[in-house]
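Q: The following file, start.cif, comprises mmCIF, C-alpha atoms and all ligand atoms:
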```cif
data_data
loop_
_atom_site.label_atom_id
_atom_site.label_comp_id
_atom_site.auth_asym_id
_atom_site.auth_seq_id
_atom_site.Cartn_x
_atom_site.Cartn_y
_atom_site.Cartn_z
CA MET A 280 4.34 36.52 -50.97
CA ARG A 281 2.04 37.05 -48.00
CA SER A 282 -1.17 38.03 -49.80
CA PRO A 283 -3.19 35.40 -51.69
CA LEU A 284 -2.45 35.15 -55.40
CA THR A 285 -4.86 33.91 -58.07
CA ILE A 286 -3.36 32.48 -61.26
CA LEU A 287 -5.84 32.63 -64.16
CA VAL A 288 -5.05 30.17 -66.94
CA ALA A 289 -5.97 30.33 -70.64
CA THR A 290 -4.78 27.44 -72.76
CA MET A 291 -5.56 25.42 -75.87
CA THR A 292 -3.25 22.44 -75.47
CA GLY A 293 -2.26 22.56 -71.79
CA THR A 294 1.15 24.27 -71.82
CA ALA A 295 -0.05 27.35 -69.93
CA GLU A 296 -1.67 25.14 -67.32
CA MET A 297 1.57 23.22 -66.82
CA VAL A 298 3.47 26.50 -66.52
CA ALA A 299 0.94 27.81 -63.98
CA GLN A 300 1.26 24.64 -61.91
CA GLU A 301 5.05 25.02 -61.78
CA VAL A 302 4.68 28.66 -60.73
CA GLN A 303 2.12 27.69 -58.08
CA GLN A 304 4.47 25.04 -56.73
CA VAL A 305 7.50 27.32 -56.43
CA LEU A 306 5.50 30.11 -54.78
CA GLU A 307 3.72 27.77 -52.36
CA ALA A 308 7.09 26.29 -51.41
CA ARG A 309 7.96 29.79 -50.22
CA GLY A 310 4.82 30.07 -48.15
CA ALA A 311 2.49 31.86 -50.58
CA GLU A 312 -1.21 31.11 -50.79
CA VAL A 313 -1.89 30.45 -54.47
CA GLU A 314 -5.14 29.53 -56.19
CA LEU A 315 -5.01 28.29 -59.77
CA ARG A 316 -8.18 28.87 -61.82
CA MET A 317 -8.81 27.85 -65.40
CA MET A 318 -10.59 30.69 -67.19
CA ASP A 319 -13.40 28.45 -68.44
CA GLY A 320 -16.74 29.89 -67.37
CA LEU A 321 -15.23 32.93 -65.63
CA ASP A 322 -16.59 36.44 -66.06
CA ALA A 323 -15.50 39.87 -64.80
CA GLY A 324 -16.56 38.84 -61.30
CA ALA A 325 -13.34 36.80 -61.12
CA PHE A 326 -11.59 40.09 -60.28
CA GLY A 327 -14.40 41.25 -58.02
CA ALA A 328 -12.63 41.48 -54.70
CA GLY A 329 -9.39 42.84 -56.16
CA GLY A 330 -5.98 41.61 -55.04
CA PHE A 331 -3.08 39.94 -56.82
CA PHE A 332 -3.53 38.11 -60.12
CA LEU A 333 -1.23 36.38 -62.55
CA VAL A 334 -2.65 35.82 -66.03
CA CYS A 335 -1.02 32.86 -67.76
CA THR A 336 -2.15 32.65 -71.37
CA SER A 337 -1.08 31.39 -74.76
CA THR A 338 -1.97 32.86 -78.19
CA TYR A 339 -3.89 31.20 -81.03
CA GLY A 340 -5.26 31.90 -84.46
CA PHE A 341 -4.16 35.33 -85.59
CA GLY A 342 -3.20 36.72 -82.21
CA ASN A 343 -6.30 35.57 -80.34
CA VAL A 344 -6.66 34.44 -76.77
CA PRO A 345 -7.43 30.73 -76.29
CA ASP A 346 -11.11 29.76 -76.49
CA ASN A 347 -11.44 29.30 -72.74
CA ALA A 348 -10.52 32.99 -72.18
CA GLN A 349 -13.03 34.52 -74.58
CA GLU A 350 -15.94 34.66 -72.15
CA LEU A 351 -13.82 36.47 -69.56
CA ILE A 352 -12.52 38.94 -72.16
CA ASP A 353 -16.07 39.59 -73.45
CA SER A 354 -17.38 40.11 -69.92
CA LEU A 355 -14.60 42.56 -69.00
CA GLU A 356 -15.12 44.52 -72.22
CA ALA A 357 -18.89 44.65 -71.77
CA SER A 358 -19.05 45.56 -68.08
CA ARG A 359 -15.81 47.54 -67.81
CA PRO A 360 -15.43 47.18 -64.03
CA ASP A 361 -13.14 49.44 -62.03
CA LEU A 362 -10.10 47.25 -61.36
CA SER A 363 -8.03 49.85 -59.54
CA ASN A 364 -7.76 47.42 -56.61
CA VAL A 365 -6.08 44.80 -58.83
CA VAL A 366 -2.34 44.23 -59.21
CA TYR A 367 -1.45 41.80 -61.97
CA GLY A 368 1.30 40.13 -63.93
CA VAL A 369 1.21 38.34 -67.27
CA ILE A 370 2.91 35.19 -68.48
CA ALA A 371 2.38 35.16 -72.25
CA LEU A 372 3.15 32.03 -74.23
CA GLY A 373 3.67 32.39 -77.96
CA ASP A 374 5.87 31.61 -80.89
CA ARG A 375 7.91 34.17 -82.84
CA THR A 376 7.34 32.25 -86.06
CA TYR A 377 3.84 33.82 -85.96
CA GLY A 378 5.48 37.20 -86.51
CA ASP A 379 3.32 40.21 -85.74
CA THR A 380 0.96 38.35 -83.44
CA PHE A 381 3.71 37.12 -81.12
CA CYS A 382 2.26 36.75 -77.61
CA HIS A 383 -0.79 38.84 -78.49
CA GLY A 384 -2.96 36.81 -76.10
CA GLY A 385 -0.94 38.16 -73.18
CA THR A 386 -0.77 41.63 -74.67
CA ARG A 387 -4.56 41.63 -75.05
CA PHE A 388 -5.04 40.92 -71.34
CA ASP A 389 -2.37 43.44 -70.40
CA GLN A 390 -4.01 46.25 -72.37
CA LEU A 391 -7.51 45.38 -71.22
CA LEU A 392 -6.68 45.10 -67.51
CA SER A 393 -4.65 48.28 -67.55
CA SER A 394 -7.46 50.15 -69.37
CA LEU A 395 -9.73 49.13 -66.48
CA GLY A 396 -7.42 50.70 -63.91
CA ALA A 397 -5.49 47.62 -62.81
CA ARG A 398 -1.76 48.05 -62.17
CA ARG A 399 0.73 45.74 -63.81
CA ALA A 400 3.70 44.81 -61.66
CA GLY A 401 6.92 44.28 -63.56
CA GLU A 402 7.24 43.39 -67.22
CA MET A 403 5.23 40.71 -68.96
CA LEU A 404 7.05 37.40 -69.44
CA GLN A 405 6.93 36.60 -73.15
CA HIS A 406 7.92 33.04 -73.91
CA ASP A 407 8.88 32.03 -77.44
CA ALA A 408 8.10 28.36 -78.13
CA SER A 409 10.72 28.34 -80.90
CA SER A 410 13.49 29.51 -78.56
CA GLY A 411 14.38 26.04 -77.34
CA GLU A 412 13.73 27.04 -73.72
CA LEU A 413 10.89 25.32 -71.90
CA PRO A 414 8.33 27.76 -70.46
CA GLU A 415 7.80 25.62 -67.35
CA GLU A 416 11.52 26.02 -66.61
CA VAL A 417 11.69 29.77 -67.30
CA ALA A 418 8.47 30.88 -65.59
CA PRO A 419 9.14 29.87 -61.95
CA ALA A 420 12.28 32.05 -61.71
CA TRP A 421 10.44 34.91 -63.43
CA ALA A 422 7.54 34.52 -60.97
CA LEU A 423 9.83 34.77 -57.93
CA ASP A 424 11.20 38.02 -59.31
CA TRP A 425 7.70 39.26 -60.23
CA VAL A 426 6.43 38.76 -56.69
CA GLN A 427 9.12 41.18 -55.52
CA GLN A 428 7.69 43.82 -57.85
CA THR A 429 4.05 43.54 -56.83
CA GLY A 430 4.35 46.12 -54.08
CA GLU A 431 2.59 43.84 -51.60
CA PRO A 432 3.49 44.23 -47.92
CA GLY A 433 6.97 42.90 -47.29
CA SER A 434 8.17 43.02 -50.90
CA ASP A 435 11.05 45.16 -52.13
CA ALA A 436 8.68 47.30 -54.20
CA SER A 437 6.47 47.87 -51.17
CA ALA A 438 9.39 49.33 -49.25
CA ALA A 439 10.31 51.54 -52.22
CA ASP A 440 6.68 52.60 -52.77
CA ALA A 441 5.69 53.22 -49.17
CA GLY A 442 2.74 55.59 -49.16
CA GLY A 443 2.86 55.95 -52.92
CA SER A 444 0.43 53.82 -54.91
CA GLY A 445 -2.15 53.21 -52.20
CA GLN A 446 -2.37 49.58 -53.38
CA SER A 447 -1.60 48.28 -49.91
CA SER A 448 -5.11 47.97 -48.52
CA GLN A 449 -6.10 47.67 -44.91
CA SER A 450 -6.96 44.00 -45.42
CA ASP A 451 -3.46 43.43 -46.84
CA ARG A 452 -1.99 44.97 -43.75
CA GLU A 453 -4.22 42.89 -41.49
CA ARG A 454 -3.24 39.71 -43.31
CA SER A 455 0.43 40.50 -42.92
CA GLU A 456 0.19 40.99 -39.17
C1 LIG A 501 -2.74 26.97 -84.52
C2 LIG A 501 -1.79 27.77 -83.66
C3 LIG A 501 -1.81 29.16 -83.74
C4 LIG A 501 -0.90 29.92 -82.99
N1 LIG A 501 -0.91 31.29 -83.12
C5 LIG A 501 0.01 32.01 -82.44
C6 LIG A 501 0.06 33.42 -82.62
O1 LIG A 501 -0.71 34.04 -83.37
N2 LIG A 501 1.01 34.12 -81.92
C7 LIG A 501 1.89 33.50 -81.07
O2 LIG A 501 2.72 34.18 -80.48
N3 LIG A 501 1.85 32.15 -80.88
C8 LIG A 501 0.94 31.39 -81.54
N4 LIG A 501 0.91 30.02 -81.36
C9 LIG A 501 1.87 29.40 -80.44
C10 LIG A 501 1.26 29.01 -79.07
O3 LIG A 501 0.75 30.17 -78.39
C11 LIG A 501 2.35 28.38 -78.20
O4 LIG A 501 2.75 27.17 -78.81
C12 LIG A 501 1.93 28.11 -76.76
O5 LIG A 501 3.04 27.66 -76.03
C13 LIG A 501 0.81 27.08 -76.65
O6 LIG A 501 0.36 27.07 -75.30
P1 LIG A 501 -0.94 26.25 -74.83
O7 LIG A 501 -0.64 24.78 -74.97
O8 LIG A 501 -1.11 26.64 -73.40
O9 LIG A 501 -2.11 26.68 -75.63
C14 LIG A 501 0.01 29.26 -82.12
C15 LIG A 501 0.02 27.87 -82.04
C16 LIG A 501 -0.87 27.12 -82.81
C17 LIG A 501 -0.81 25.61 -82.72
#
```
Mind turning the file's structure into structure tokens?
Ligand SMILES: Cc1cc2nc3c(=O)[nH]c(=O)nc-3n(C[C@H](O)[C@H](O)[C@H](O)COP(=O)(O)O)c2cc1C
A:
Amino acid sequence: MRSPLTILVATMTGTAEMVAQEVQQVLEARGAEVELRMMDGLDAGAFGAGGFFLVCTSTYGFGNVPDNAQELIDSLEASRPDLSNVVYGVIALGDRTYGDTFCHGGTRFDQLLSSLGARRAGEMLQHDASSGELPEEVAPAWALDWVQQTGEPGSDASAADAGGSGQSSQSDRERSE
């Protein structure tokens, strides 16, 4: 990945942060510039300049986002910024034993960001804590595949999309030169 990526982390007990760190490591090892930000204290301005974002969040209560994501959610819902310059992915941690609210934290972000004009690349990763697979082992491989679907300069999707989505900004092109 040639463009900078920001990973935004929402967690109650640290799993999502550990997953995000593993993703950061594997992407940086391939030359990507990755910033990891906990959502604590963030508001809609976190998306201000646009670009590439990966939301890594768990689910709590009855399908809620973790406490440290609430302020960001509230701010996005109140100010409803135009996020058409944002491309995002979602890593959603959950547990199928919670039934109908499985991975709703990730789904909440997905629906909100897309309602604000942001474009999701690829499918959301939904990890089931009762599956026996460790999310920090599954997520890095998923992230490598996701990067290919972002449409950023140099990715497979970019070649397929050329001239299509308009997501490849001039600054992206300048960075890739
Ligand atoms: C009290 C509690 C409530 C939870 N509620 C849900 C839920 O509604 N839906 C879901 O998919 N997972 C739910 N989970 C599972 C967590 O999202 C999952 O274990 C996740 O990996 C925790 O990540 P974290 O340590 O980053 O917060 C819940 C877990 C706990 C302990």
Q: Set out as JSON lines a contact list for chain A and ligand LIG 501 (chain A) with a cut-off of 8 Å, giving each residue of chain A that qualifies its closest atom pair and distance in Å to one decimal, counting only C-alpha atoms and all ligand atoms, ordered by chain and rising residue number.
A:
```
{"residue": "A:Ala289", "atom": "CA", "partner": "A:LIG501", "partner_atom": "O8", "distance": 6.7}
{"residue": "A:Thr290", "atom": "CA", "partner": "A:LIG501", "partner_atom": "O8", "distance": 3.8}
{"residue": "A:Met291", "atom": "CA", "partner": "A:LIG501", "partner_atom": "O9", "distance": 3.7}
{"residue": "A:Thr292", "atom": "CA", "partner": "A:LIG501", "partner_atom": "O7", "distance": 3.5}
{"residue": "A:Gly293", "atom": "CA", "partner": "A:LIG501", "partner_atom": "O7", "distance": 4.2}
{"residue": "A:Thr294", "atom": "CA", "partner": "A:LIG501", "partner_atom": "O8", "distance": 3.6}
{"residue": "A:Ala295", "atom": "CA", "partner": "A:LIG501", "partner_atom": "O8", "distance": 3.7}
{"residue": "A:Glu296", "atom": "CA", "partner": "A:LIG501", "partner_atom": "O8", "distance": 6.3}
{"residue": "A:Met297", "atom": "CA", "partner": "A:LIG501", "partner_atom": "O8", "distance": 7.9}
{"residue": "A:Thr336", "atom": "CA", "partner": "A:LIG501", "partner_atom": "O8", "distance": 6.4}
{"residue": "A:Ser337", "atom": "CA", "partner": "A:LIG501", "partner_atom": "O3", "distance": 4.2}
{"residue": "A:Thr338", "atom": "CA", "partner": "A:LIG501", "partner_atom": "O3", "distance": 3.8}
{"residue": "A:Tyr339", "atom": "CA", "partner": "A:LIG501", "partner_atom": "N1", "distance": 3.6}
{"residue": "A:Gly340", "atom": "CA", "partner": "A:LIG501", "partner_atom": "C3", "distance": 4.5}
{"residue": "A:Phe341", "atom": "CA", "partner": "A:LIG501", "partner_atom": "O1", "distance": 4.3}
{"residue": "A:Gly342", "atom": "CA", "partner": "A:LIG501", "partner_atom": "O1", "distance": 3.8}
{"residue": "A:Asn343", "atom": "CA", "partner": "A:LIG501", "partner_atom": "O1", "distance": 6.5}
{"residue": "A:Pro345", "atom": "CA", "partner": "A:LIG501", "partner_atom": "O9", "distance": 6.7}
{"residue": "A:Leu372", "atom": "CA", "partner": "A:LIG501", "partner_atom": "O5", "distance": 4.7}
{"residue": "A:Gly373", "atom": "CA", "partner": "A:LIG501", "partner_atom": "O2", "distance": 3.2}
{"residue": "A:Asp374", "atom": "CA", "partner": "A:LIG501", "partner_atom": "N3", "distance": 4.1}
{"residue": "A:Arg375", "atom": "CA", "partner": "A:LIG501", "partner_atom": "O2", "distance": 5.7}
{"residue": "A:Thr376", "atom": "CA", "partner": "A:LIG501", "partner_atom": "C7", "distance": 7.5}
{"residue": "A:Tyr377", "atom": "CA", "partner": "A:LIG501", "partner_atom": "N2", "distance": 4.9}
{"residue": "A:Gly378", "atom": "CA", "partner": "A:LIG501", "partner_atom": "N2", "distance": 7.1}
{"residue": "A:Asp379", "atom": "CA", "partner": "A:LIG501", "partner_atom": "N2", "distance": 7.6}
{"residue": "A:Thr380", "atom": "CA", "partner": "A:LIG501", "partner_atom": "N2", "distance": 4.5}
{"residue": "A:Phe381", "atom": "CA", "partner": "A:LIG501", "partner_atom": "O2", "distance": 3.2}
{"residue": "A:Cys382", "atom": "CA", "partner": "A:LIG501", "partner_atom": "O2", "distance": 3.9}
{"residue": "A:His383", "atom": "CA", "partner": "A:LIG501", "partner_atom": "N2", "distance": 6.1}
{"residue": "A:Gly384", "atom": "CA", "partner": "A:LIG501", "partner_atom": "N2", "distance": 7.5}
{"residue": "A:His406", "atom": "CA", "partner": "A:LIG501", "partner_atom": "O5", "distance": 7.6}
{"residue": "A:Asp407", "atom": "CA", "partner": "A:LIG501", "partner_atom": "O2", "distance": 7.2}
{"residue": "A:Ala408", "atom": "CA", "partner": "A:LIG501", "partner_atom": "O4", "distance": 5.5}
{"residue": "A:Pro414", "atom": "CA", "partner": "A:LIG501", "partner_atom": "O5", "distance": 7.7}
```
Q: If you count all atoms listed in the file, which residues fall within 7 Å of Thr285 (chain A), apart from same-chain ones fewer than 2 positions away, as a ChimeraX atom specification?
A: /A:283,287,313-315,331-333
Q: Using all atoms listed in the file, can you tell me which of A:Ala325, A:Met280, A:Ala348, A:Val334 comes closest to Leu362 (chain A)?
A: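 The answer is A:Ala325, which sits nearest to Leu362 (chain A).
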Q: Record the distance separating CA of Leu391 (chain A) and CA of Ala311 (chain A), expressed in Å with one decimal.
A: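 Taking CA of Leu391 (chain A) and CA of Ala311 (chain A), their separation equals 26.6 Å.
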Q: So that all listed atoms of region 411-430 of chain A fit with 6 Å spare on each side, what axis-aligned box centre and edge lengths in Å, to one decimal, would you give as AutoDock Vina command-line options?
A:
```
--center_x 9.2 --center_y 35.7 --center_z -65.7 --size_x 22.3 --size_y 32.8 --size_z 35.3
```
Q: If you take all atoms listed in the file and a cut-off of 12 Å, which residues of region 306-413 of chain A touch region 421-429 of chain A, and what are their nearest atom pairs and distances in Å to one decimal, in chain and number order, as CSV?
A:
```
residue,atom,partner,partner_atom,distance
A:Leu306,CA,A:Leu423,CA,7.1
A:Glu307,CA,A:Leu423,CA,10.8
A:Ala308,CA,A:Leu423,CA,11.0
A:Arg309,CA,A:Leu423,CA,9.4
A:Gly310,CA,A:Leu423,CA,12.0
A:Ala311,CA,A:Val426,CA,10.0
A:Val313,CA,A:Val426,CA,12.0
A:Gly330,CA,A:Thr429,CA,10.4
A:Phe331,CA,A:Thr429,CA,8.0
A:Phe332,CA,A:Thr429,CA,9.9
A:Leu333,CA,A:Ala422,CA,9.1
A:Val334,CA,A:Ala422,CA,11.5
A:Cys335,CA,A:Ala422,CA,11.1
A:Val365,CA,A:Thr429,CA,10.4
A:Val366,CA,A:Thr429,CA,6.9
A:Tyr367,CA,A:Thr429,CA,7.7
A:Gly368,CA,A:Trp425,CA,7.4
A:Val369,CA,A:Trp425,CA,9.6
A:Ile370,CA,A:Ala422,CA,8.8
A:Ala371,CA,A:Trp421,CA,12.0
A:Ala397,CA,A:Thr429,CA,12.0
A:Arg398,CA,A:Thr429,CA,9.1
A:Arg399,CA,A:Thr429,CA,8.0
A:Ala400,CA,A:Thr429,CA,5.0
A:Gly401,CA,A:Gln428,CA,5.8
A:Glu402,CA,A:Trp425,CA,8.1
A:Met403,CA,A:Trp425,CA,9.2
A:Leu404,CA,A:Trp421,CA,7.3
A:Gln405,CA,A:Trp421,CA,10.5
A:His406,CA,A:Trp421,CA,10.9
```
Q: Can you tell me how far CA of Arg281 (chain A) sits from CA of Phe388 (chain A), in Å to one decimal?
A: 24.7 Å
Q: List the spatial neighbours of Ser363 (chain A) as a PyMOL selection string - criterion: any atom at most 9 Å away, all atoms listed in the file, same-chain residues fewer than 4 positions off excluded.
A: chain A and resi 329+393+395-398+446
Q: Record the distance separating CA of Ala328 (chain A) and CA of Ser354 (chain A), expressed in Å with one decimal.
A: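 Distance between the two atoms: 16.0 Å.
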Q: Which is closer to Gly327 (chain A) than all the others in A:Glu415, A:Asp361, A:Glu356, A:Glu301, using all atoms listed in the file?
A: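 Of the candidates, the smallest distance to Gly327 (chain A) is held by A:Asp361.
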Q: Check the smallest atom-to-atom distance from each of A:Val344, A:Val302, A:Arg359, A:Val288 to Ala323 (chain A) using all atoms listed in the file, then report the winner.
A: A:Arg359
Q: Could region 325-361 of chain A be completed with N, CA and C atoms and written as a short mmCIF file (atom, residue, chain, number, x, y, z; two decimals), in the coordinates of the input, please?
A:
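Written file, selection_9.cif:
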```
data_model
loop_
_atom_site.label_atom_id
_atom_site.label_comp_id
_atom_site.auth_asym_id
_atom_site.auth_seq_id
_atom_site.Cartn_x
_atom_site.Cartn_y
_atom_site.Cartn_z
N ALA A 325 -14.56 37.48 -61.58
CA ALA A 325 -13.34 36.80 -61.12
C ALA A 325 -12.38 37.78 -60.47
N PHE A 326 -12.47 39.07 -60.86
CA PHE A 326 -11.59 40.09 -60.28
C PHE A 326 -12.28 40.88 -59.18
N GLY A 327 -13.52 40.46 -58.86
CA GLY A 327 -14.40 41.25 -58.02
C GLY A 327 -13.78 41.84 -56.77
N ALA A 328 -13.12 41.01 -55.98
CA ALA A 328 -12.63 41.48 -54.70
C ALA A 328 -11.27 42.16 -54.81
N GLY A 329 -10.72 42.25 -56.00
CA GLY A 329 -9.39 42.84 -56.16
C GLY A 329 -8.31 41.90 -55.66
N GLY A 330 -7.09 42.42 -55.52
CA GLY A 330 -5.98 41.61 -55.04
C GLY A 330 -4.95 41.36 -56.12
N PHE A 331 -4.21 40.25 -55.94
CA PHE A 331 -3.08 39.94 -56.82
C PHE A 331 -3.45 38.82 -57.80
N PHE A 332 -3.18 39.07 -59.07
CA PHE A 332 -3.53 38.11 -60.12
C PHE A 332 -2.35 37.92 -61.07
N LEU A 333 -2.21 36.68 -61.52
CA LEU A 333 -1.23 36.38 -62.55
C LEU A 333 -1.99 35.72 -63.69
N VAL A 334 -2.00 36.38 -64.85
CA VAL A 334 -2.65 35.82 -66.03
C VAL A 334 -1.62 35.00 -66.79
N CYS A 335 -1.93 33.75 -67.04
CA CYS A 335 -1.02 32.86 -67.76
C CYS A 335 -1.74 32.37 -69.00
N THR A 336 -1.37 32.92 -70.16
CA THR A 336 -2.15 32.65 -71.37
C THR A 336 -1.27 32.41 -72.59
N SER A 337 -1.75 31.57 -73.48
CA SER A 337 -1.08 31.39 -74.76
C SER A 337 -1.79 32.25 -75.82
N THR A 338 -1.39 32.10 -77.07
CA THR A 338 -1.97 32.86 -78.19
C THR A 338 -2.33 31.88 -79.30
N TYR A 339 -3.48 32.08 -79.92
CA TYR A 339 -3.89 31.20 -81.03
C TYR A 339 -4.46 31.99 -82.19
N GLY A 340 -4.68 31.25 -83.28
CA GLY A 340 -5.26 31.90 -84.46
C GLY A 340 -4.36 33.02 -84.92
N PHE A 341 -4.95 34.15 -85.21
CA PHE A 341 -4.16 35.33 -85.59
C PHE A 341 -4.09 36.28 -84.40
N GLY A 342 -3.36 35.86 -83.37
CA GLY A 342 -3.20 36.72 -82.21
C GLY A 342 -4.36 36.70 -81.24
N ASN A 343 -5.15 35.65 -81.25
CA ASN A 343 -6.30 35.57 -80.34
C ASN A 343 -5.94 34.93 -79.01
N VAL A 344 -6.79 35.18 -78.02
CA VAL A 344 -6.66 34.44 -76.77
C VAL A 344 -7.23 33.04 -77.01
N PRO A 345 -6.83 32.07 -76.18
CA PRO A 345 -7.43 30.73 -76.29
C PRO A 345 -8.95 30.78 -76.07
N ASP A 346 -9.64 29.78 -76.58
CA ASP A 346 -11.11 29.76 -76.49
C ASP A 346 -11.60 29.90 -75.06
N ASN A 347 -10.90 29.30 -74.10
CA ASN A 347 -11.44 29.30 -72.74
C ASN A 347 -11.28 30.66 -72.05
N ALA A 348 -10.66 31.64 -72.74
CA ALA A 348 -10.52 32.99 -72.18
C ALA A 348 -11.53 33.96 -72.78
N GLN A 349 -12.20 33.55 -73.85
CA GLN A 349 -13.03 34.52 -74.58
C GLN A 349 -14.17 35.08 -73.75
N GLU A 350 -14.80 34.21 -72.96
CA GLU A 350 -15.94 34.66 -72.15
C GLU A 350 -15.49 35.72 -71.13
N LEU A 351 -14.33 35.50 -70.53
CA LEU A 351 -13.82 36.47 -69.56
C LEU A 351 -13.49 37.80 -70.24
N ILE A 352 -12.84 37.73 -71.41
CA ILE A 352 -12.52 38.94 -72.16
C ILE A 352 -13.81 39.69 -72.51
N ASP A 353 -14.79 38.97 -73.05
CA ASP A 353 -16.07 39.59 -73.45
C ASP A 353 -16.74 40.27 -72.25
N SER A 354 -16.72 39.58 -71.11
CA SER A 354 -17.38 40.11 -69.92
C SER A 354 -16.69 41.38 -69.42
N LEU A 355 -15.35 41.38 -69.43
CA LEU A 355 -14.60 42.56 -69.00
C LEU A 355 -14.86 43.74 -69.95
N GLU A 356 -14.91 43.44 -71.25
CA GLU A 356 -15.12 44.52 -72.22
C GLU A 356 -16.54 45.07 -72.14
N ALA A 357 -17.50 44.20 -71.83
CA ALA A 357 -18.89 44.65 -71.77
C ALA A 357 -19.18 45.42 -70.49
N SER A 358 -18.67 44.94 -69.36
CA SER A 358 -19.05 45.56 -68.08
C SER A 358 -18.05 46.62 -67.62
N ARG A 359 -16.86 46.58 -68.14
CA ARG A 359 -15.81 47.54 -67.81
C ARG A 359 -15.77 47.91 -66.32
N PRO A 360 -15.50 46.91 -65.47
CA PRO A 360 -15.43 47.18 -64.03
C PRO A 360 -14.20 48.02 -63.68
N ASP A 361 -14.29 48.70 -62.55
CA ASP A 361 -13.14 49.44 -62.03
C ASP A 361 -12.21 48.44 -61.35
#
```
